[in-house]
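J.: Got a structure here, written out as structure tokens. Questions coming.
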Amino acid sequence: MRLVNIGFGNMVSVARMIAVVSPDSAPIKRIISDARERGNLIDATYGRRTRAVIVCDSGHVILSALQPETVSGRMAGKPDRDEELEEDENDE
């Protein structure tokens with residue numbers, strides 16, 4: 001089982017993820033509201049602004065403070081810009 005970090009040390013199984021989307025559109029806001037009513041909403045933002053909404057095959061909806069591009073990059077195994085900067089600083 002492969003896990004991806006969605007911020008603040010929280011991990012989600014890549015195999016269970018259906019979509020990683022921005023929370024700005026009305027249909028996504030409706031999905032979040034419906035999941036909250038059903039008790040299937042997981043808020044992993046730690047009080048920060050929601051920037052990505054992860055929809056899982058189990059019906060769970062996960063809120064993340066990371067950009068959707070960052071989450072998808074981590075799914076693909078690409079290093080974040082911040083991680084690249086830290087590696088460059090360590091080399092000096």
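Every chain in the structure tokens takes a letter, A first, then B, and so on in the order presented; its residues are numbered from 1, and the ligands are numbered from 1 following the presented order.
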Can you tell me which residues surround range 65-79 of chain A at a distance of at most 6 Å, considering only C-alpha atoms, apart from same-chain residues fewer than 2 positions away, and format the answer as a PyMOL selection string?

T.: chain A and resi 4+20-21+45+49-52

J.: Kindly indicate which residue among A:Asn10, A:Ala44, A:Asn5, A:Val55 lies nearest to Ile31 in chain A, using only C-alpha atoms for the distances.

T.: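 Residue with the minimum atom-to-atom distance to Ile31 in chain A: A:Val55.
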
J.: Kindly indicate which residue among A:Val53, A:Arg2, A:Ser58, A:Leu63 lies nearest to Ile28 in chain A, using only C-alpha atoms for the distances.

T.: A:Val53

J.: Name the closest residue to Ala15 in chain A among the candidates A:Asp57, A:Gly47, A:Lys29, A:Ile42; distances are taken between atoms, counting only C-alpha atoms.

T.: A:Asp57

J.: What residues in chain A get the DSSP label strand (DSSP E or B)? Please answer as a list in words.

T.: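 In chain A, DSSP puts these residues in strand (DSSP E or B): Leu3, Val4, Asn5, Ile6, Gly7, Asn10, Met11, Val12, Ser13, Met17, Ile18, Ala19, Val20, Val21, Leu41, Ile42, Asp43, Ala52, Val53, Ile54, Val55, Cys56, Val61, Ile62, Leu63 and Ser64 of chain A.
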
J.: Counting only C-alpha atoms, figure out which residue out of A:Ile54, A:Ser13, A:His60, A:Asp80 gets nearest to Arg38 in chain A.

T.: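 Of the candidates, the smallest distance to Arg38 in chain A is held by A:His60.
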
J.: I need the alpha helix (DSSP H) residues of chain A per DSSP on the backbone, written as a ChimeraX atom specification.

T.: /A:26-38,68-76,81-91

J.: What is the distance, in Å and to one decimal place, between CA of Tyr46 in chain A and CA of Gly7 in chain A?

T.: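 Between CA of Tyr46 in chain A and CA of Gly7 in chain A the gap is 9.2 Å.
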
J.: Could you state the separation of CA of Ser33 in chain A and CA of Met17 in chain A in Å, given to one decimal place?

T.: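 Interatomic distance here is 18.8 Å.
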
J.: Out of A:Ala26, A:Ile32, A:Val61, A:Arg48, which residue has the shortest atom-to-atom distance to Val12 in chain A when counting only C-alpha atoms?

T.: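 Nearest to Val12 in chain A: A:Val61.
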
J.: Find the residue from A:Met1, A:Val14, A:Cys56, A:Ile62 that sits nearest to Asp43 in chain A; use only C-alpha atoms when measuring.

T.: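 Of A:Met1, A:Val14, A:Cys56, A:Ile62, the one nearest Asp43 in chain A, counting only C-alpha atoms, is A:Ile62.
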